[in-house]
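The file query-v4.pdb comes next; it holds PDB, C-alpha atoms.
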ATOM      1  CA  MET A  23      10.572 -18.827  23.628  1.00  0.00           C
ATOM      2  CA  CYS A  24      13.886 -19.051  21.795  1.00  0.00           C
ATOM      3  CA  ALA A  25      14.766 -22.287  20.028  1.00  0.00           C
ATOM      4  CA  VAL A  26      17.900 -24.054  21.249  1.00  0.00           C
ATOM      5  CA  THR A  27      20.528 -24.713  18.614  1.00  0.00           C
ATOM      6  CA  PHE A  28      23.706 -26.585  19.508  1.00  0.00           C
ATOM      7  CA  ALA A  29      26.963 -24.751  19.047  1.00  0.00           C
ATOM      8  CA  THR A  30      30.561 -25.179  19.997  1.00  0.00           C
ATOM      9  CA  PRO A  31      30.897 -25.018  23.789  1.00  0.00           C
ATOM     10  CA  GLY A  32      31.622 -21.475  24.919  1.00  0.00           C
ATOM     11  CA  VAL A  33      30.065 -19.821  21.834  1.00  0.00           C
ATOM     12  CA  ALA A  34      26.940 -17.679  22.255  1.00  0.00           C
ATOM     13  CA  PHE A  35      24.074 -18.178  19.818  1.00  0.00           C
ATOM     14  CA  ALA A  36      20.407 -17.378  19.258  1.00  0.00           C
ATOM     15  CA  ASP A  37      17.710 -18.516  16.847  1.00  0.00           C
ATOM     16  CA  SER A  38      17.780 -15.274  14.818  1.00  0.00           C
ATOM     17  CA  PRO A  39      20.412 -12.657  13.961  1.00  0.00           C
ATOM     18  CA  GLU A  40      18.436  -9.994  15.874  1.00  0.00           C
ATOM     19  CA  PRO A  41      18.610 -10.324  19.655  1.00  0.00           C
ATOM     20  CA  ALA A  42      15.349 -10.341  21.585  1.00  0.00           C
ATOM     21  CA  PRO A  43      14.518  -7.211  23.575  1.00  0.00           C
ATOM     22  CA  LEU A  44      16.042  -7.105  27.049  1.00  0.00           C
ATOM     23  CA  GLY A  45      13.882  -8.789  29.667  1.00  0.00           C
ATOM     24  CA  VAL A  46      12.213 -11.300  27.292  1.00  0.00           C
ATOM     25  CA  CYS A  47      14.127 -14.240  28.783  1.00  0.00           C
ATOM     26  CA  ASP A  48      14.779 -14.478  32.508  1.00  0.00           C
ATOM     27  CA  GLY A  49      18.486 -15.253  32.099  1.00  0.00           C
ATOM     28  CA  GLY A  50      20.782 -17.114  34.483  1.00  0.00           C
ATOM     29  CA  TRP A  51      22.139 -20.631  34.719  1.00  0.00           C
ATOM     30  CA  LYS A  52      19.858 -23.315  33.257  1.00  0.00           C
ATOM     31  CA  THR A  53      19.942 -27.098  33.239  1.00  0.00           C
ATOM     32  CA  ASP A  54      17.808 -28.718  30.587  1.00  0.00           C
ATOM     33  CA  ILE A  55      17.033 -32.310  29.634  1.00  0.00           C
ATOM     34  CA  TYR A  56      16.734 -32.496  25.857  1.00  0.00           C
ATOM     35  CA  ALA A  57      16.405 -36.259  25.262  1.00  0.00           C
ATOM     36  CA  GLN A  58      15.173 -39.222  27.288  1.00  0.00           C
ATOM     37  CA  SER A  59      14.455 -42.908  26.938  1.00  0.00           C
ATOM     38  CA  LYS A  60      13.157 -45.523  29.358  1.00  0.00           C
ATOM     39  CA  LYS A  61      15.858 -47.702  30.886  1.00  0.00           C
ATOM     40  CA  HIS A  62      15.863 -50.484  33.469  1.00  0.00           C
ATOM     41  CA  LEU A  63      18.656 -49.817  35.953  1.00  0.00           C
ATOM     42  CA  GLY A  64      19.508 -53.368  36.965  1.00  0.00           C
ATOM     43  CA  LYS A  65      21.081 -54.186  40.305  1.00  0.00           C
ATOM     44  CA  GLY A  66      22.521 -57.509  41.362  1.00  0.00           C
ATOM     45  CA  PRO A  67      22.664 -60.859  39.571  1.00  0.00           C
ATOM     46  CA  ILE A  68      20.992 -61.794  36.298  1.00  0.00           C
ATOM     47  CA  TYR A  69      18.916 -64.934  36.777  1.00  0.00           C
ATOM     48  CA  LYS A  70      18.665 -67.467  33.923  1.00  0.00           C
ATOM     49  CA  ASP A  71      16.429 -70.515  33.467  1.00  0.00           C
ATOM     50  CA  GLY A  72      15.379 -72.842  30.658  1.00  0.00           C
ATOM     51  CA  PRO A  73      15.185 -73.891  27.967  1.00  0.00           C
ATOM     52  CA  GLY A  74      11.411 -73.537  28.063  1.00  0.00           C
ATOM     53  CA  GLY A  75       9.287 -74.000  31.175  1.00  0.00           C
ATOM     54  CA  THR A  76       8.361 -71.454  33.803  1.00  0.00           C
ATOM     55  CA  MET A  77      10.585 -69.021  35.654  1.00  0.00           C
ATOM     56  CA  VAL A  78       9.533 -67.959  39.168  1.00  0.00           C
ATOM     57  CA  LEU A  79      11.636 -65.276  40.856  1.00  0.00           C
ATOM     58  CA  THR A  80      11.266 -63.965  44.390  1.00  0.00           C
ATOM     59  CA  ARG A  81      13.278 -60.963  45.494  1.00  0.00           C
ATOM     60  CA  VAL A  82      13.727 -60.873  49.278  1.00  0.00           C
ATOM     61  CA  LYS A  83      17.090 -59.146  49.698  1.00  0.00           C
ATOM     62  CA  ALA A  84      17.168 -55.384  50.311  1.00  0.00           C
ATOM     63  CA  GLY A  85      18.936 -53.210  47.770  1.00  0.00           C
ATOM     64  CA  SER A  86      19.043 -49.819  46.084  1.00  0.00           C
ATOM     65  CA  VAL A  87      19.823 -48.070  42.795  1.00  0.00           C
ATOM     66  CA  ALA A  88      21.063 -44.475  42.599  1.00  0.00           C
ATOM     67  CA  THR A  89      20.893 -41.878  39.856  1.00  0.00           C
ATOM     68  CA  LYS A  90      24.310 -41.576  38.175  1.00  0.00           C
ATOM     69  CA  ILE A  91      25.777 -38.996  35.816  1.00  0.00           C
ATOM     70  CA  THR A  92      27.337 -41.225  33.154  1.00  0.00           C
ATOM     71  CA  VAL A  93      28.899 -38.629  30.819  1.00  0.00           C
ATOM     72  CA  GLY A  94      29.981 -35.038  31.397  1.00  0.00           C
ATOM     73  CA  GLY A  95      30.245 -32.843  34.433  1.00  0.00           C
ATOM     74  CA  GLY A  96      29.291 -29.475  35.808  1.00  0.00           C
ATOM     75  CA  VAL A  97      25.890 -30.505  37.169  1.00  0.00           C
ATOM     76  CA  SER A  98      24.837 -32.227  40.347  1.00  0.00           C
ATOM     77  CA  VAL A  99      22.761 -35.386  40.665  1.00  0.00           C
ATOM     78  CA  SER A 100      20.223 -33.295  42.621  1.00  0.00           C
ATOM     79  CA  GLY A 101      19.979 -30.836  39.724  1.00  0.00           C
ATOM     80  CA  ILE A 102      19.473 -33.590  37.152  1.00  0.00           C
ATOM     81  CA  VAL A 103      16.825 -35.296  39.319  1.00  0.00           C
ATOM     82  CA  ALA A 104      14.963 -31.990  39.808  1.00  0.00           C
ATOM     83  CA  GLU A 105      14.967 -31.389  36.040  1.00  0.00           C
ATOM     84  CA  ALA A 106      13.919 -35.000  35.373  1.00  0.00           C
ATOM     85  CA  LYS A 107      10.995 -34.594  37.815  1.00  0.00           C
ATOM     86  CA  ALA A 108       9.848 -31.557  35.821  1.00  0.00           C
ATOM     87  CA  GLU A 109      10.466 -32.885  32.307  1.00  0.00           C
ATOM     88  CA  VAL A 110      10.501 -36.706  32.385  1.00  0.00           C
ATOM     89  CA  SER A 111       8.707 -38.265  35.373  1.00  0.00           C
ATOM     90  CA  ARG A 112       7.481 -37.006  38.744  1.00  0.00           C
ATOM     91  CA  GLU A 113       8.661 -40.380  40.097  1.00  0.00           C
ATOM     92  CA  SER A 114      12.377 -39.543  39.466  1.00  0.00           C
ATOM     93  CA  VAL A 115      14.553 -39.824  42.592  1.00  0.00           C
ATOM     94  CA  LYS A 116      18.209 -39.596  43.644  1.00  0.00           C
ATOM     95  CA  GLU A 117      18.044 -43.172  44.958  1.00  0.00           C
ATOM     96  CA  VAL A 118      15.409 -45.857  45.291  1.00  0.00           C
ATOM     97  CA  SER A 119      15.653 -48.748  47.728  1.00  0.00           C
ATOM     98  CA  TRP A 120      13.601 -51.841  48.385  1.00  0.00           C
ATOM     99  CA  GLU A 121      13.199 -54.126  51.361  1.00  0.00           C
ATOM    100  CA  THR A 122       9.954 -55.940  50.648  1.00  0.00           C
ATOM    101  CA  GLN A 123       9.467 -59.253  48.887  1.00  0.00           C
ATOM    102  CA  HIS A 124       8.611 -59.158  45.176  1.00  0.00           C
ATOM    103  CA  GLN A 125       7.683 -62.155  43.018  1.00  0.00           C
ATOM    104  CA  CYS A 126       7.623 -62.526  39.238  1.00  0.00           C
ATOM    105  CA  ARG A 127       6.371 -65.534  37.237  1.00  0.00           C
ATOM    106  CA  ARG A 128       7.015 -65.876  33.493  1.00  0.00           C
ATOM    107  CA  ASP A 129       6.446 -68.688  31.001  1.00  0.00           C
ATOM    108  CA  ILE A 130       9.581 -69.208  28.932  1.00  0.00           C
ATOM    109  CA  SER A 131       9.104 -69.810  25.199  1.00  0.00           C
ATOM    110  CA  ARG A 132       9.956 -73.284  23.902  1.00  0.00           C
ATOM    111  CA  ASN A 133      13.704 -73.753  23.268  1.00  0.00           C
ATOM    112  CA  LYS A 134      14.481 -70.316  24.770  1.00  0.00           C
ATOM    113  CA  TYR A 135      16.117 -69.234  28.028  1.00  0.00           C
ATOM    114  CA  GLY A 136      14.444 -66.773  30.375  1.00  0.00           C
ATOM    115  CA  ASN A 137      16.590 -64.036  31.923  1.00  0.00           C
ATOM    116  CA  ALA A 138      15.628 -61.575  34.658  1.00  0.00           C
ATOM    117  CA  GLN A 139      17.230 -58.874  36.771  1.00  0.00           C
ATOM    118  CA  PHE A 140      15.766 -56.721  39.549  1.00  0.00           C
ATOM    119  CA  GLY A 141      16.137 -52.934  39.503  1.00  0.00           C
ATOM    120  CA  SER A 142      14.510 -49.543  38.956  1.00  0.00           C
ATOM    121  CA  TRP A 143      12.387 -48.694  35.899  1.00  0.00           C
ATOM    122  CA  GLY A 144      14.126 -45.366  35.301  1.00  0.00           C
ATOM    123  CA  HIS A 145      15.318 -43.270  32.380  1.00  0.00           C
ATOM    124  CA  HIS A 146      18.482 -42.466  30.450  1.00  0.00           C
ATOM    125  CA  VAL A 147      18.616 -38.704  29.829  1.00  0.00           C
ATOM    126  CA  LYS A 148      20.813 -36.272  27.907  1.00  0.00           C
ATOM    127  CA  TRP A 149      21.288 -32.897  29.579  1.00  0.00           C
ATOM    128  CA  GLN A 150      22.880 -29.555  28.933  1.00  0.00           C
ATOM    129  CA  LYS A 151      23.865 -26.729  31.270  1.00  0.00           C
ATOM    130  CA  TYR A 152      24.197 -23.203  29.895  1.00  0.00           C
ATOM    131  CA  TYR A 153      24.004 -19.550  30.816  1.00  0.00           C
ATOM    132  CA  GLN A 154      21.101 -17.600  29.296  1.00  0.00           C
ATOM    133  CA  LEU A 155      21.297 -13.833  28.863  1.00  0.00           C
ATOM    134  CA  PRO A 156      18.196 -11.617  29.246  1.00  0.00           C
ATOM    135  CA  ASN A 157      18.174 -11.205  25.424  1.00  0.00           C
ATOM    136  CA  CYS A 158      17.788 -15.030  25.098  1.00  0.00           C
ATOM    137  CA  LYS A 159      21.303 -15.699  23.803  1.00  0.00           C
ATOM    138  CA  LYS A 160      22.696 -18.919  25.235  1.00  0.00           C
ATOM    139  CA  THR A 161      26.216 -20.091  25.853  1.00  0.00           C
ATOM    140  CA  GLN A 162      26.516 -23.855  26.162  1.00  0.00           C
ATOM    141  CA  ILE A 163      28.734 -24.623  29.103  1.00  0.00           C
ATOM    142  CA  SER A 164      28.552 -28.400  29.397  1.00  0.00           C
ATOM    143  CA  TYR A 165      26.481 -31.387  28.395  1.00  0.00           C
ATOM    144  CA  GLY A 166      26.281 -35.049  29.297  1.00  0.00           C
ATOM    145  CA  GLU A 167      24.136 -38.056  30.096  1.00  0.00           C
ATOM    146  CA  ALA A 168      22.663 -39.587  33.253  1.00  0.00           C
ATOM    147  CA  ASP A 169      20.748 -42.673  34.340  1.00  0.00           C
ATOM    148  CA  VAL A 170      17.884 -41.449  36.532  1.00  0.00           C
ATOM    149  CA  ALA A 171      16.381 -43.879  39.058  1.00  0.00           C
ATOM    150  CA  ASN A 172      12.600 -44.049  39.479  1.00  0.00           C
ATOM    151  CA  LYS A 173      10.430 -45.061  42.446  1.00  0.00           C
ATOM    152  CA  THR A 174       9.036 -47.970  40.386  1.00  0.00           C
ATOM    153  CA  VAL A 175      11.065 -51.170  40.905  1.00  0.00           C
ATOM    154  CA  GLY A 176      10.735 -54.725  39.611  1.00  0.00           C
ATOM    155  CA  PHE A 177      12.154 -57.472  37.422  1.00  0.00           C
ATOM    156  CA  LYS A 178      13.131 -56.934  33.798  1.00  0.00           C
ATOM    157  CA  TYR A 179      12.558 -60.126  31.786  1.00  0.00           C
ATOM    158  CA  TRP A 180      13.993 -61.104  28.394  1.00  0.00           C
ATOM    159  CA  GLU A 181      14.622 -64.275  26.421  1.00  0.00           C
ATOM    160  CA  THR A 182      17.728 -65.543  24.633  1.00  0.00           C
ATOM    161  CA  SER A 183      18.602 -68.513  22.431  1.00  0.00           C
ATOM    162  CA  SER A 184      21.371 -69.777  24.714  1.00  0.00           C
TER
END

Kindly present the structure from the file in structure tokens form.
Amino acid sequence: MCAVTFATPGVAFADSPEPAPLGVCDGGWKTDIYAQSKKHLGKGPIYKDGPGGTMVLTRVKAGSVATKITVGGGVSVSGIVAEAKAEVSRESVKEVSWETQHQCRRDISRNKYGNAQFGSWGHHVKWQKYYQLPNCKKTQISYGEADVANKTVGFKYWETSS
């Protein structure tokens, strides 16, 4: 497989000066995720309690979080989700919704404030879309970033000093 090297958009490149024999790569339009990190996609209010004590949160209101392309263009949300399912998590979805009750209980550290927000435990991804020739040369067409929702939902909890 040919290594991907970034180049100026619209410029063809390959990983060696000699092109691969015809038919080595399948060619065509490709969308690829080349970086990912876990990200909580929060929805709705941020709850705060403290200082110290115990924070008990119950989510009863229905809601949803959708996958969003945050930077760039030229790809669809469906395309990014399909690529994320293959490369990041099989749980990736265009949109996740919840209707059931969910409860979270956390002890807050002394002299700290507990904060929580409900949402999807998804991913932030960087993507590129390019055209690949049968000789493995690639022309980078566009690139960008997206927040990909996941079927797993729940509260994110963190503490602050004030």

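Against this structure, the PyMOL selection byres ((chain A and resi 115) around 6) ends up with Ser114, Lys116, Glu117, Ala171 and Asn172 of chain A.
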
How would the residues just picked look written out with C-alpha atoms as an mmCIF file, in the coordinates of the input?
data_model
loop_
_atom_site.group_PDB
_atom_site.id
_atom_site.type_symbol
_atom_site.label_atom_id
_atom_site.label_comp_id
_atom_site.auth_asym_id
_atom_site.auth_seq_id
_atom_site.Cartn_x
_atom_site.Cartn_y
_atom_site.Cartn_z
ATOM 1 C CA SER A 114 12.377 -39.543 39.466
ATOM 2 C CA LYS A 116 18.209 -39.596 43.644
ATOM 3 C CA GLU A 117 18.044 -43.172 44.958
ATOM 4 C CA ALA A 171 16.381 -43.879 39.058
ATOM 5 C CA ASN A 172 12.600 -44.049 39.479
#

Task: A:Ser184 surroundings by all atoms listed in the file, 10 Å radius, close-in-sequence under 3 positions cut, as a VMD selection string - done: chain A and resid 70 72 to 73 133 to 136 181

Open item on the list: As an exercise, work out the distance from atom CA of A:Ala84 to atom CA of A:Val99 in Å and give it to one decimal place.
Closed with: 22.9 Å

TODO: Check what the PyMOL selection byres ((chain A and resi 105) around 12) selects in the file above and give those residues as a VMD selection string.
DONE: chain A and resid 52 to 58 97 to 104 106 to 116 147 to 151 168 170

Generate a file of the selected residues that holds C-alpha atoms, formatted as a PDB file, in the coordinates of the input.
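Below is the file result_32.pdb, written as the result:
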ATOM      1  CA  LYS A  52      19.858 -23.315  33.257  1.00  0.00           C
ATOM      2  CA  THR A  53      19.942 -27.098  33.239  1.00  0.00           C
ATOM      3  CA  ASP A  54      17.808 -28.718  30.587  1.00  0.00           C
ATOM      4  CA  ILE A  55      17.033 -32.310  29.634  1.00  0.00           C
ATOM      5  CA  TYR A  56      16.734 -32.496  25.857  1.00  0.00           C
ATOM      6  CA  ALA A  57      16.405 -36.259  25.262  1.00  0.00           C
ATOM      7  CA  GLN A  58      15.173 -39.222  27.288  1.00  0.00           C
ATOM      8  CA  VAL A  97      25.890 -30.505  37.169  1.00  0.00           C
ATOM      9  CA  SER A  98      24.837 -32.227  40.347  1.00  0.00           C
ATOM     10  CA  VAL A  99      22.761 -35.386  40.665  1.00  0.00           C
ATOM     11  CA  SER A 100      20.223 -33.295  42.621  1.00  0.00           C
ATOM     12  CA  GLY A 101      19.979 -30.836  39.724  1.00  0.00           C
ATOM     13  CA  ILE A 102      19.473 -33.590  37.152  1.00  0.00           C
ATOM     14  CA  VAL A 103      16.825 -35.296  39.319  1.00  0.00           C
ATOM     15  CA  ALA A 104      14.963 -31.990  39.808  1.00  0.00           C
ATOM     16  CA  ALA A 106      13.919 -35.000  35.373  1.00  0.00           C
ATOM     17  CA  LYS A 107      10.995 -34.594  37.815  1.00  0.00           C
ATOM     18  CA  ALA A 108       9.848 -31.557  35.821  1.00  0.00           C
ATOM     19  CA  GLU A 109      10.466 -32.885  32.307  1.00  0.00           C
ATOM     20  CA  VAL A 110      10.501 -36.706  32.385  1.00  0.00           C
ATOM     21  CA  SER A 111       8.707 -38.265  35.373  1.00  0.00           C
ATOM     22  CA  ARG A 112       7.481 -37.006  38.744  1.00  0.00           C
ATOM     23  CA  GLU A 113       8.661 -40.380  40.097  1.00  0.00           C
ATOM     24  CA  SER A 114      12.377 -39.543  39.466  1.00  0.00           C
ATOM     25  CA  VAL A 115      14.553 -39.824  42.592  1.00  0.00           C
ATOM     26  CA  LYS A 116      18.209 -39.596  43.644  1.00  0.00           C
ATOM     27  CA  VAL A 147      18.616 -38.704  29.829  1.00  0.00           C
ATOM     28  CA  LYS A 148      20.813 -36.272  27.907  1.00  0.00           C
ATOM     29  CA  TRP A 149      21.288 -32.897  29.579  1.00  0.00           C
ATOM     30  CA  GLN A 150      22.880 -29.555  28.933  1.00  0.00           C
ATOM     31  CA  LYS A 151      23.865 -26.729  31.270  1.00  0.00           C
ATOM     32  CA  ALA A 168      22.663 -39.587  33.253  1.00  0.00           C
ATOM     33  CA  VAL A 170      17.884 -41.449  36.532  1.00  0.00           C
TER      34      VAL A 170
END

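You will find atom CA of A:Lys178 at 7.6 Å from atom CA of A:Gly141.
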
Mind working out the centre and edge lengths of an axis-aligned box for stretch 83-89 of chain A, all listed atoms inside, 8 Å added to each side, rounded to one decimal in Å and written as JSON?
{"center_x": 19.1, "center_y": -50.5, "center_z": 45.1, "size_x": 20.0, "size_y": 33.3, "size_z": 26.5}
